[in-house]
Amino acid sequence: MDFNQLISRIRTKLPIQNPLHGFVHNNILLMFENQDFHHAVGEAGVLYRARPYWQEHKYIQRYREGKITDQDIFRAIDHYAGTYPAIESVDCLQLSTKEFFYRLMFAEMNFNDTEEDQQSINDQHLWNLCVEKMHGQKLTLRRSPVKWRGKEYWEKYHNESYALSIHPFIIRLISSYLDQGQSFWQNPFVNKGFWSFFTFDVEALKGFTSGWQNVLIEKVLAVKYQKPEDIIQNELKRMEIPEDVWESYILEILFDLKGWSGMVNKLELEPWQATVKAPEIKLVDYIAALILIESAMDQYHAEEQSIDLSIIRGRKQNIELKGFQLSLALYQITNSFKLDQRWMQRFEPATILKLIDEIDEAESVHRVRLWHEAFEHHFHREALEAIAEHSKDIKDQPIGPAQVMFCIDDREESIRRHLEEVDPVVNTYGVVGFFGVDMKFASIKSSRLVAQCPPVVVPSRIISEVPRDSHSAKTFERWNLMTGGGNLALYYHSRTMFRGFFSTIFLGIASIFPMFMQVFFPEKSRDLKNKVMGTFTPVPKTELSLDQSDADHGYSKTEMAKIVQAILDQCGIRTQYAPLVVLLAHGSSSNNNPFRQAYGCGACGGNAGIPNSRAFAKMANDPEVRAELAKLGYNIPNETFFVSGFHDTCTDEIHFFNLELMPEGHKPEFERLRKNLNEAGARNAFERCQRFSSESAKTSPAEALKHVKERAVDLAQPRPEYGHSSNALAIVGRRELTRGLYLNRRAFLHTYDWRLDPDGSILKAVVVGGVPVAVNINMDYYFSSVDNENFGCGSKLPLNMTSLLGVMTGSQSDLRIGLARQMVEIHEPIRNLTIIEAPLARVKNLFDNHPRLKNILYHHWMRLVVIDPETQEWHLFGQKEFTPLTFEKAKMKHFATSVDLINKTHTEEDFAEIG
């Protein structure tokens, strides 16, 4: 066996989440995308010990509510059966594949009922036939697992909890070693390697411990000078673990603490992701330590209980059905599949036993998958029918007095809609929120470089925020250093023994009033803090230094022109420009929130897109850049002014940044637009508040806006906003496809005009830059919602920061992965459906020639529909190819405005006509 290849395969299965400071939404099963979705999530579910779908009763509830119909079920079966056939013995039942799967979904089977529980037996004649047929038979189900670890055995039979004995020991070691500065003292082994730290720590226990730790000390002393790679292989051989089981055995141990294991792997492969500086860490060192700990625990208990370990390792935990249970299985199969009572007489008991085994497996594997497929099919069909009906005979929107570019983010769908209702002549566009500016940004408050672009993009330049006035800048710099240094000193001094004791007493008393204000009057507390900071440390007026000073800092005018050109191309703006073009970036402000990055702009690495908006506006307003654009055929009129703006998705406030440069003649129109944007923000808050529990916030847009502002600064608020909850769609095409269509904040909206893109290059930029982002966000929410405890991180409330890398539950736990329960509690796990308006051949060529897009499409991590504008036909990607799509006429309700819809339905509608 090639050991390096083994470790490489193990790496691909570990969680991939970044440290919290650089959190970005990702498909947590990104490395599984080369497998079919259902197969992949099944394998991952075993590793993560998680459910890969909703619990079955939730789908059945949707069926009763009409959100899944029989038509949806049959369509789901047709799609699913193309990859996953029915059981081998389906002919014995004389059923087609479709009939078998349909009846399986509604089957009432519980083969392991006890003999005392006979309530389900109400046909005595059938029961007698089943008892007679299964008399003297027994069956070991094929899903009976083989166990190689002693963990389950010791926990079940000897009350030894790894969570109470081994895990605290491991967590203490790894959290201390990876610490980025939460502790006052730095780990002295950070540059010597984790193996050195582990052996030193274990040796230090000598004479101060007992039980399994004494065995561990002996093992460490015997191998401390060997290479970790050799230790792993030698120990596994000594434990008599077969080589073909090594991968699954090691993975099972690593997934006991999957979050820490994933972080070790992340910091080894991508040390630049560390909050401060990654220590010298290797996954093999960590695995060697875990293997020795596991071996020591096994050896200790085996000696204590006089048990031969060969009996425990490789044991098969048989799941057996005998007399009554087999008779009950046959009885339930006959009833559930609506079979003739004497069907069983045609077969020998051995054939029926094989059939029972296959149906048992089919029930545990296929049934919930089919329910999930049907649930998705219903929503996707509704979405497609609504868009098809709405987009008939669409006409181009004439250019108005203002063009507003929003991020493609699903949270911006609603405010775009509200703005268009308030201001019908405005034009809105959806582009990736970093506006093509691939930079590392250094703000005036911190010289730390922050990547302001998607994680898949490597920042090409460094851009700095610089003050316009040198005098005020020096004053601010002094105060900034003093306050920053003071906060840092206070943080660390409070963590030492003596200084910590006194600072807790005196500063604890001093913090009573600010804490009281923050808890009971959060908005007033924020205003007071801003007033004090503005008085003592006013931030000087700044600008961005964009001009190229060397190869790494700034852009040339030609490069700026290409950045502006790319975004104008994506929006389809080439010849017609409004007097005002607004670049409305977005971000989210919230308090006491470890997942703050998750609410930011994904295209800006989880940060607010303000620097990108400011940079783009400055580029587009630069006369030299416009001269370069003119050479490329883009003649921006002198009277067109680009405005840098920002939408706070938590408070729904709108801010602007370069107004002092705006020509006087533009200001009346700008004030009209600002008023309409503020009104749209209030209406957007009103729509969002329908999902919150506060009744007063649901009375009017004004009350809603007041509520969301308070919510953002409330120290005790675990739900500052619901983020991307309910996202399920990505629409790539002209705005006219969906303008005036209520989409209930479920869609990422990418602007694209196929008529201006004969070679497909703009389509590639739009799709590659946006669709994977939408799928990543969709999958992050999917997995955290189907099993929040194992794919997500549970409730926010007991979470605590650890090592400045992540969070754990309480004072000691695994490093939590995924999203908090409060972020996903209203989310419905539906795979992303992307709808693209472009010639079919162009889209097919793009997906077939891009590795990631091809993977997620052909392996069904997303759905894809193409609206071919040349033929006016719609095409759905099925198993391996596109097929024509036809629709029934959508039955949509009509409302005057979105607020009217909300007042009448409380956002119960996913799709409706507005206007």
# chains A, B, ... in the order shown; residues from 1 in each chain; ligands from 1

$ select_by_dssp --residues "region 86-163 of chain A" --states "alpha helix (DSSP H)" --output "MDAnalysis selection string"
chainID A and resid 97:105 124:133 151:157

$ residues_around --residues "region 875-890 of chain A" --least-positions-apart "3" --cutoff "10 Å" --atoms "only C-alpha atoms" --output "PDB file with N, CA, C and O atoms, in the first residue's frame"
ATOM      1  N   HIS A  79     -36.925  10.182 -12.918  1.00  0.00           N
ATOM      2  CA  HIS A  79     -35.574  10.747 -12.905  1.00  0.00           C
ATOM      3  C   HIS A  79     -34.621   9.856 -12.109  1.00  0.00           C
ATOM      4  O   HIS A  79     -33.508   9.560 -12.556  1.00  0.00           O
ATOM      5  N   TYR A  80     -35.064   9.420 -10.952  1.00  0.00           N
ATOM      6  CA  TYR A  80     -34.202   8.661 -10.036  1.00  0.00           C
ATOM      7  C   TYR A  80     -33.859   7.279 -10.603  1.00  0.00           C
ATOM      8  O   TYR A  80     -32.723   6.818 -10.512  1.00  0.00           O
ATOM      9  N   ALA A  81     -34.846   6.638 -11.198  1.00  0.00           N
ATOM     10  CA  ALA A  81     -34.644   5.275 -11.697  1.00  0.00           C
ATOM     11  C   ALA A  81     -33.663   5.229 -12.867  1.00  0.00           C
ATOM     12  O   ALA A  81     -33.159   4.145 -13.199  1.00  0.00           O
ATOM     13  N   GLY A  82     -33.361   6.384 -13.459  1.00  0.00           N
ATOM     14  CA  GLY A  82     -32.355   6.407 -14.512  1.00  0.00           C
ATOM     15  C   GLY A  82     -30.963   6.099 -14.004  1.00  0.00           C
ATOM     16  O   GLY A  82     -30.087   5.688 -14.778  1.00  0.00           O
ATOM     17  N   THR A  83     -30.737   6.307 -12.715  1.00  0.00           N
ATOM     18  CA  THR A  83     -29.435   6.027 -12.113  1.00  0.00           C
ATOM     19  C   THR A  83     -29.490   4.856 -11.139  1.00  0.00           C
ATOM     20  O   THR A  83     -28.565   4.043 -11.059  1.00  0.00           O
ATOM     21  N   ARG A 381     -40.717  22.811 -10.385  1.00  0.00           N
ATOM     22  CA  ARG A 381     -41.775  22.919 -11.388  1.00  0.00           C
ATOM     23  C   ARG A 381     -42.571  24.209 -11.185  1.00  0.00           C
ATOM     24  O   ARG A 381     -42.883  24.923 -12.159  1.00  0.00           O
ATOM     25  N   GLU A 382     -42.888  24.547  -9.952  1.00  0.00           N
ATOM     26  CA  GLU A 382     -43.607  25.793  -9.680  1.00  0.00           C
ATOM     27  C   GLU A 382     -42.804  27.003 -10.148  1.00  0.00           C
ATOM     28  O   GLU A 382     -43.349  27.947 -10.731  1.00  0.00           O
ATOM     29  N   ALA A 383     -41.509  26.986  -9.856  1.00  0.00           N
ATOM     30  CA  ALA A 383     -40.642  28.102 -10.229  1.00  0.00           C
ATOM     31  C   ALA A 383     -40.591  28.263 -11.743  1.00  0.00           C
ATOM     32  O   ALA A 383     -40.728  29.377 -12.276  1.00  0.00           O
ATOM     33  N   LEU A 384     -40.401  27.156 -12.444  1.00  0.00           N
ATOM     34  CA  LEU A 384     -40.282  27.215 -13.903  1.00  0.00           C
ATOM     35  C   LEU A 384     -41.589  27.668 -14.551  1.00  0.00           C
ATOM     36  O   LEU A 384     -41.581  28.476 -15.497  1.00  0.00           O
ATOM     37  N   GLU A 385     -42.702  27.160 -14.065  1.00  0.00           N
ATOM     38  CA  GLU A 385     -43.994  27.549 -14.638  1.00  0.00           C
ATOM     39  C   GLU A 385     -44.275  29.026 -14.393  1.00  0.00           C
ATOM     40  O   GLU A 385     -44.802  29.719 -15.267  1.00  0.00           O
ATOM     41  N   ALA A 386     -43.885  29.522 -13.206  1.00  0.00           N
ATOM     42  CA  ALA A 386     -44.113  30.933 -12.891  1.00  0.00           C
ATOM     43  C   ALA A 386     -43.271  31.831 -13.802  1.00  0.00           C
ATOM     44  O   ALA A 386     -43.770  32.820 -14.349  1.00  0.00           O
ATOM     45  N   ILE A 387     -41.997  31.489 -13.965  1.00  0.00           N
ATOM     46  CA  ILE A 387     -41.111  32.311 -14.798  1.00  0.00           C
ATOM     47  C   ILE A 387     -41.522  32.222 -16.269  1.00  0.00           C
ATOM     48  O   ILE A 387     -41.506  33.220 -16.995  1.00  0.00           O
ATOM     49  N   ALA A 388     -41.924  31.026 -16.713  1.00  0.00           N
ATOM     50  CA  ALA A 388     -42.348  30.858 -18.108  1.00  0.00           C
ATOM     51  C   ALA A 388     -43.594  31.685 -18.400  1.00  0.00           C
ATOM     52  O   ALA A 388     -43.699  32.350 -19.442  1.00  0.00           O
ATOM     53  N   GLU A 389     -44.540  31.656 -17.484  1.00  0.00           N
ATOM     54  CA  GLU A 389     -45.775  32.413 -17.672  1.00  0.00           C
ATOM     55  C   GLU A 389     -45.508  33.918 -17.634  1.00  0.00           C
ATOM     56  O   GLU A 389     -46.038  34.679 -18.446  1.00  0.00           O
ATOM     57  N   HIS A 390     -44.654  34.322 -16.692  1.00  0.00           N
ATOM     58  CA  HIS A 390     -44.386  35.750 -16.511  1.00  0.00           C
ATOM     59  C   HIS A 390     -43.589  36.338 -17.677  1.00  0.00           C
ATOM     60  O   HIS A 390     -43.770  37.513 -18.031  1.00  0.00           O
ATOM     61  N   ILE A 835     -31.323  28.720 -13.981  1.00  0.00           N
ATOM     62  CA  ILE A 835     -32.038  28.949 -15.233  1.00  0.00           C
ATOM     63  C   ILE A 835     -31.228  29.955 -16.046  1.00  0.00           C
ATOM     64  O   ILE A 835     -30.953  31.061 -15.566  1.00  0.00           O
ATOM     65  N   ILE A 836     -30.824  29.572 -17.246  1.00  0.00           N
ATOM     66  CA  ILE A 836     -29.966  30.428 -18.073  1.00  0.00           C
ATOM     67  C   ILE A 836     -30.674  30.764 -19.384  1.00  0.00           C
ATOM     68  O   ILE A 836     -31.130  29.856 -20.093  1.00  0.00           O
ATOM     69  N   LEU A 840     -28.764  27.150 -26.406  1.00  0.00           N
ATOM     70  CA  LEU A 840     -28.471  25.876 -25.747  1.00  0.00           C
ATOM     71  C   LEU A 840     -27.050  25.397 -26.029  1.00  0.00           C
ATOM     72  O   LEU A 840     -26.350  24.955 -25.110  1.00  0.00           O
ATOM     73  N   LYS A 844     -24.274  24.445 -23.200  1.00  0.00           N
ATOM     74  CA  LYS A 844     -23.761  23.075 -23.125  1.00  0.00           C
ATOM     75  C   LYS A 844     -22.244  23.055 -23.284  1.00  0.00           C
ATOM     76  O   LYS A 844     -21.536  22.349 -22.549  1.00  0.00           O
ATOM     77  N   LEU A 857     -23.024  19.542 -12.428  1.00  0.00           N
ATOM     78  CA  LEU A 857     -24.189  19.322 -13.280  1.00  0.00           C
ATOM     79  C   LEU A 857     -24.418  17.841 -13.525  1.00  0.00           C
ATOM     80  O   LEU A 857     -25.508  17.316 -13.264  1.00  0.00           O
ATOM     81  N   TYR A 858     -23.399  17.146 -14.027  1.00  0.00           N
ATOM     82  CA  TYR A 858     -23.570  15.739 -14.398  1.00  0.00           C
ATOM     83  C   TYR A 858     -23.735  14.833 -13.182  1.00  0.00           C
ATOM     84  O   TYR A 858     -24.266  13.725 -13.308  1.00  0.00           O
ATOM     85  N   HIS A 859     -23.295  15.281 -12.015  1.00  0.00           N
ATOM     86  CA  HIS A 859     -23.482  14.488 -10.798  1.00  0.00           C
ATOM     87  C   HIS A 859     -24.618  15.025  -9.940  1.00  0.00           C
ATOM     88  O   HIS A 859     -24.776  14.624  -8.790  1.00  0.00           O
ATOM     89  N   HIS A 860     -25.379  15.966 -10.497  1.00  0.00           N
ATOM     90  CA  HIS A 860     -26.670  16.397  -9.933  1.00  0.00           C
ATOM     91  C   HIS A 860     -26.570  17.084  -8.578  1.00  0.00           C
ATOM     92  O   HIS A 860     -27.454  16.937  -7.735  1.00  0.00           O
ATOM     93  N   MET A 862     -26.715  20.215  -8.674  1.00  0.00           N
ATOM     94  CA  MET A 862     -27.568  21.334  -9.060  1.00  0.00           C
ATOM     95  C   MET A 862     -28.470  20.870 -10.193  1.00  0.00           C
ATOM     96  O   MET A 862     -28.261  19.802 -10.778  1.00  0.00           O
ATOM     97  N   ARG A 863     -29.496  21.651 -10.506  1.00  0.00           N
ATOM     98  CA  ARG A 863     -30.347  21.418 -11.668  1.00  0.00           C
ATOM     99  C   ARG A 863     -30.103  22.560 -12.655  1.00  0.00           C
ATOM    100  O   ARG A 863     -29.765  23.675 -12.244  1.00  0.00           O
ATOM    101  N   LEU A 864     -30.304  22.285 -13.927  1.00  0.00           N
ATOM    102  CA  LEU A 864     -30.069  23.313 -14.941  1.00  0.00           C
ATOM    103  C   LEU A 864     -31.176  23.300 -15.988  1.00  0.00           C
ATOM    104  O   LEU A 864     -31.515  22.244 -16.534  1.00  0.00           O
ATOM    105  N   VAL A 865     -31.721  24.481 -16.245  1.00  0.00           N
ATOM    106  CA  VAL A 865     -32.691  24.677 -17.321  1.00  0.00           C
ATOM    107  C   VAL A 865     -32.168  25.798 -18.213  1.00  0.00           C
ATOM    108  O   VAL A 865     -31.680  26.820 -17.718  1.00  0.00           O
ATOM    109  N   VAL A 866     -32.248  25.593 -19.514  1.00  0.00           N
ATOM    110  CA  VAL A 866     -31.800  26.588 -20.483  1.00  0.00           C
ATOM    111  C   VAL A 866     -33.004  27.088 -21.267  1.00  0.00           C
ATOM    112  O   VAL A 866     -33.784  26.296 -21.813  1.00  0.00           O
ATOM    113  N   ILE A 867     -33.148  28.417 -21.303  1.00  0.00           N
ATOM    114  CA  ILE A 867     -34.148  29.047 -22.166  1.00  0.00           C
ATOM    115  C   ILE A 867     -33.413  29.477 -23.426  1.00  0.00           C
ATOM    116  O   ILE A 867     -32.617  30.421 -23.398  1.00  0.00           O
ATOM    117  N   ASP A 868     -33.652  28.773 -24.514  1.00  0.00           N
ATOM    118  CA  ASP A 868     -32.959  29.104 -25.762  1.00  0.00           C
ATOM    119  C   ASP A 868     -33.740  30.211 -26.468  1.00  0.00           C
ATOM    120  O   ASP A 868     -34.826  29.965 -27.020  1.00  0.00           O
ATOM    121  N   GLN A 872     -36.923  29.750 -28.696  1.00  0.00           N
ATOM    122  CA  GLN A 872     -38.001  29.944 -27.711  1.00  0.00           C
ATOM    123  C   GLN A 872     -38.365  28.634 -27.013  1.00  0.00           C
ATOM    124  O   GLN A 872     -39.481  28.484 -26.509  1.00  0.00           O
ATOM    125  N   LYS A 893     -51.184  34.320  -8.341  1.00  0.00           N
ATOM    126  CA  LYS A 893     -51.985  35.424  -7.842  1.00  0.00           C
ATOM    127  C   LYS A 893     -51.357  36.741  -8.291  1.00  0.00           C
ATOM    128  O   LYS A 893     -50.166  36.810  -8.570  1.00  0.00           O
ATOM    129  N   PHE A 911     -44.262  32.602  -5.468  1.00  0.00           N
ATOM    130  CA  PHE A 911     -44.261  33.290  -6.754  1.00  0.00           C
ATOM    131  C   PHE A 911     -45.594  33.991  -6.950  1.00  0.00           C
ATOM    132  O   PHE A 911     -46.651  33.425  -6.666  1.00  0.00           O
ATOM    133  N   ALA A 912     -45.539  35.231  -7.440  1.00  0.00           N
ATOM    134  CA  ALA A 912     -46.764  35.978  -7.705  1.00  0.00           C
ATOM    135  C   ALA A 912     -46.442  37.129  -8.658  1.00  0.00           C
ATOM    136  O   ALA A 912     -45.300  37.589  -8.738  1.00  0.00           O
TER     137      ALA A 912
END

$ closest_residue --among "A:Glu247, A:Asp814, A:Asp298, A:Asp285" --to "Pro228 (chain A)" --atoms "only C-alpha atoms"
A:Asp285

$ closest_residue --among "A:Met105, A:Ile253, A:Leu507, A:Leu29" --to "Tyr162 (chain A)" --atoms "only C-alpha atoms"
A:Ile253

$ residues_around --residues "Ser556 (chain A)" --least-positions-apart "6" --cutoff "9 Å" --atoms "only C-alpha atoms" --output "ChimeraX atom specification"
/A:546-549

$ closest_residue --among "A:Lys675, A:Lys151, A:Arg313, A:Arg852" --to "Leu419 (chain A)" --atoms "only C-alpha atoms"
A:Lys675

$ closest_residue --among "A:Phe375, A:Tyr249, A:Trp127, A:Phe670" --to "Arg64 (chain A)" --atoms "only C-alpha atoms"
A:Phe375

$ residues_around --residues "region 767-772 of chain A" --least-positions-apart "3" --cutoff "8 Å" --atoms "only C-alpha atoms" --output "PyMOL selection string"
chain A and resi 408+432+730+732+750+763-764+775-776+834+853

$ closest_atom_pairs --of "region 612-653 of chain A" --to "region 660-664 of chain A" --cutoff "10 Å" --atoms "only C-alpha atoms" --output "Markdown table"
| residue | atom | partner | partner_atom | distance |
| --- | --- | --- | --- | --- |
| A:Asn621 | CA | A:Leu661 | CA | 9.7 |
| A:Glu639 | CA | A:Pro663 | CA | 8.5 |
| A:Thr640 | CA | A:Pro663 | CA | 9.7 |
| A:Phe641 | CA | A:Met662 | CA | 7.0 |
| A:Phe642 | CA | A:Met662 | CA | 8.6 |
| A:Val643 | CA | A:Met662 | CA | 8.0 |

$ select_by_dssp --residues "region 855-893 of chain A" --states "strand (DSSP E or B)" --output "JSON, numbers by chain"
{"A": [863, 864, 865, 866, 867, 868, 873, 874, 875, 876, 877, 882, 883, 884, 885]}

$ residues_around --residues "region 795-798 of chain A" --least-positions-apart "6" --cutoff "12 Å" --atoms "only C-alpha atoms" --output "PDB file with C-alpha atoms, in the first residue's frame"
ATOM      1  CA  ASN A 592     -21.825  39.305  19.219  1.00  0.00           C
ATOM      2  CA  ASN A 593     -21.946  37.088  16.162  1.00  0.00           C
ATOM      3  CA  PRO A 594     -19.195  34.516  15.463  1.00  0.00           C
ATOM      4  CA  PHE A 595     -20.667  33.924  11.995  1.00  0.00           C
ATOM      5  CA  LEU A 715     -26.221  41.749  22.151  1.00  0.00           C
ATOM      6  CA  ALA A 716     -28.707  38.982  22.936  1.00  0.00           C
ATOM      7  CA  GLN A 717     -30.014  38.522  19.379  1.00  0.00           C
ATOM      8  CA  PRO A 718     -29.023  35.161  17.817  1.00  0.00           C
ATOM      9  CA  ARG A 719     -30.940  35.964  14.615  1.00  0.00           C
ATOM     10  CA  PRO A 720     -29.782  39.369  13.378  1.00  0.00           C
ATOM     11  CA  SER A 784     -26.692  22.494   7.909  1.00  0.00           C
ATOM     12  CA  SER A 785     -30.488  22.287   7.716  1.00  0.00           C
ATOM     13  CA  ASN A 788     -27.766  20.689  12.075  1.00  0.00           C
ATOM     14  CA  GLU A 789     -26.068  18.826  14.899  1.00  0.00           C
ATOM     15  CA  VAL A 807     -16.263  27.887  17.918  1.00  0.00           C
ATOM     16  CA  MET A 808     -17.069  24.997  20.191  1.00  0.00           C
ATOM     17  CA  THR A 809     -20.175  24.146  22.202  1.00  0.00           C
ATOM     18  CA  GLY A 810     -19.748  25.044  25.862  1.00  0.00           C
ATOM     19  CA  SER A 811     -16.284  25.024  27.367  1.00  0.00           C
ATOM     20  CA  GLN A 812     -15.011  21.980  25.497  1.00  0.00           C
ATOM     21  CA  SER A 813     -16.168  20.217  22.359  1.00  0.00           C
ATOM     22  CA  ARG A 816     -17.988  23.070  15.123  1.00  0.00           C
ATOM     23  CA  ILE A 817     -18.505  23.079  11.362  1.00  0.00           C
ATOM     24  CA  GLY A 818     -21.270  24.399   9.151  1.00  0.00           C
ATOM     25  CA  LEU A 819     -23.925  26.941  10.130  1.00  0.00           C
ATOM     26  CA  ALA A 820     -25.795  27.589  13.364  1.00  0.00           C
ATOM     27  CA  ARG A 821     -29.337  26.371  13.868  1.00  0.00           C
ATOM     28  CA  GLN A 822     -30.668  29.936  14.087  1.00  0.00           C
ATOM     29  CA  MET A 823     -29.337  30.597  10.581  1.00  0.00           C
ATOM     30  CA  VAL A 824     -31.107  27.659   8.911  1.00  0.00           C
ATOM     31  CA  GLU A 825     -34.218  26.959  10.981  1.00  0.00           C
TER      32      GLU A 825
END

$ closest_residue --among "A:Gln213, A:Ser120, A:Ser248, A:Asn678" --to "Asp423 (chain A)" --atoms "only C-alpha atoms"
A:Asn678

$ residues_around --residues "Gln403 (chain A)" --least-positions-apart "2" --cutoff "8 Å" --atoms "only C-alpha atoms" --output "list in words"
Ile399, Gly400, Pro401, Met405, Val426, Asn427, Thr428, Tyr429, Tyr577, Ala578, Leu580, Val581 and Val582 of chain A

$ closest_residue --among "A:Gln35, A:Gln55, A:Gln182, A:Asn265" --to "Ser8 (chain A)" --atoms "only C-alpha atoms"
A:Asn265
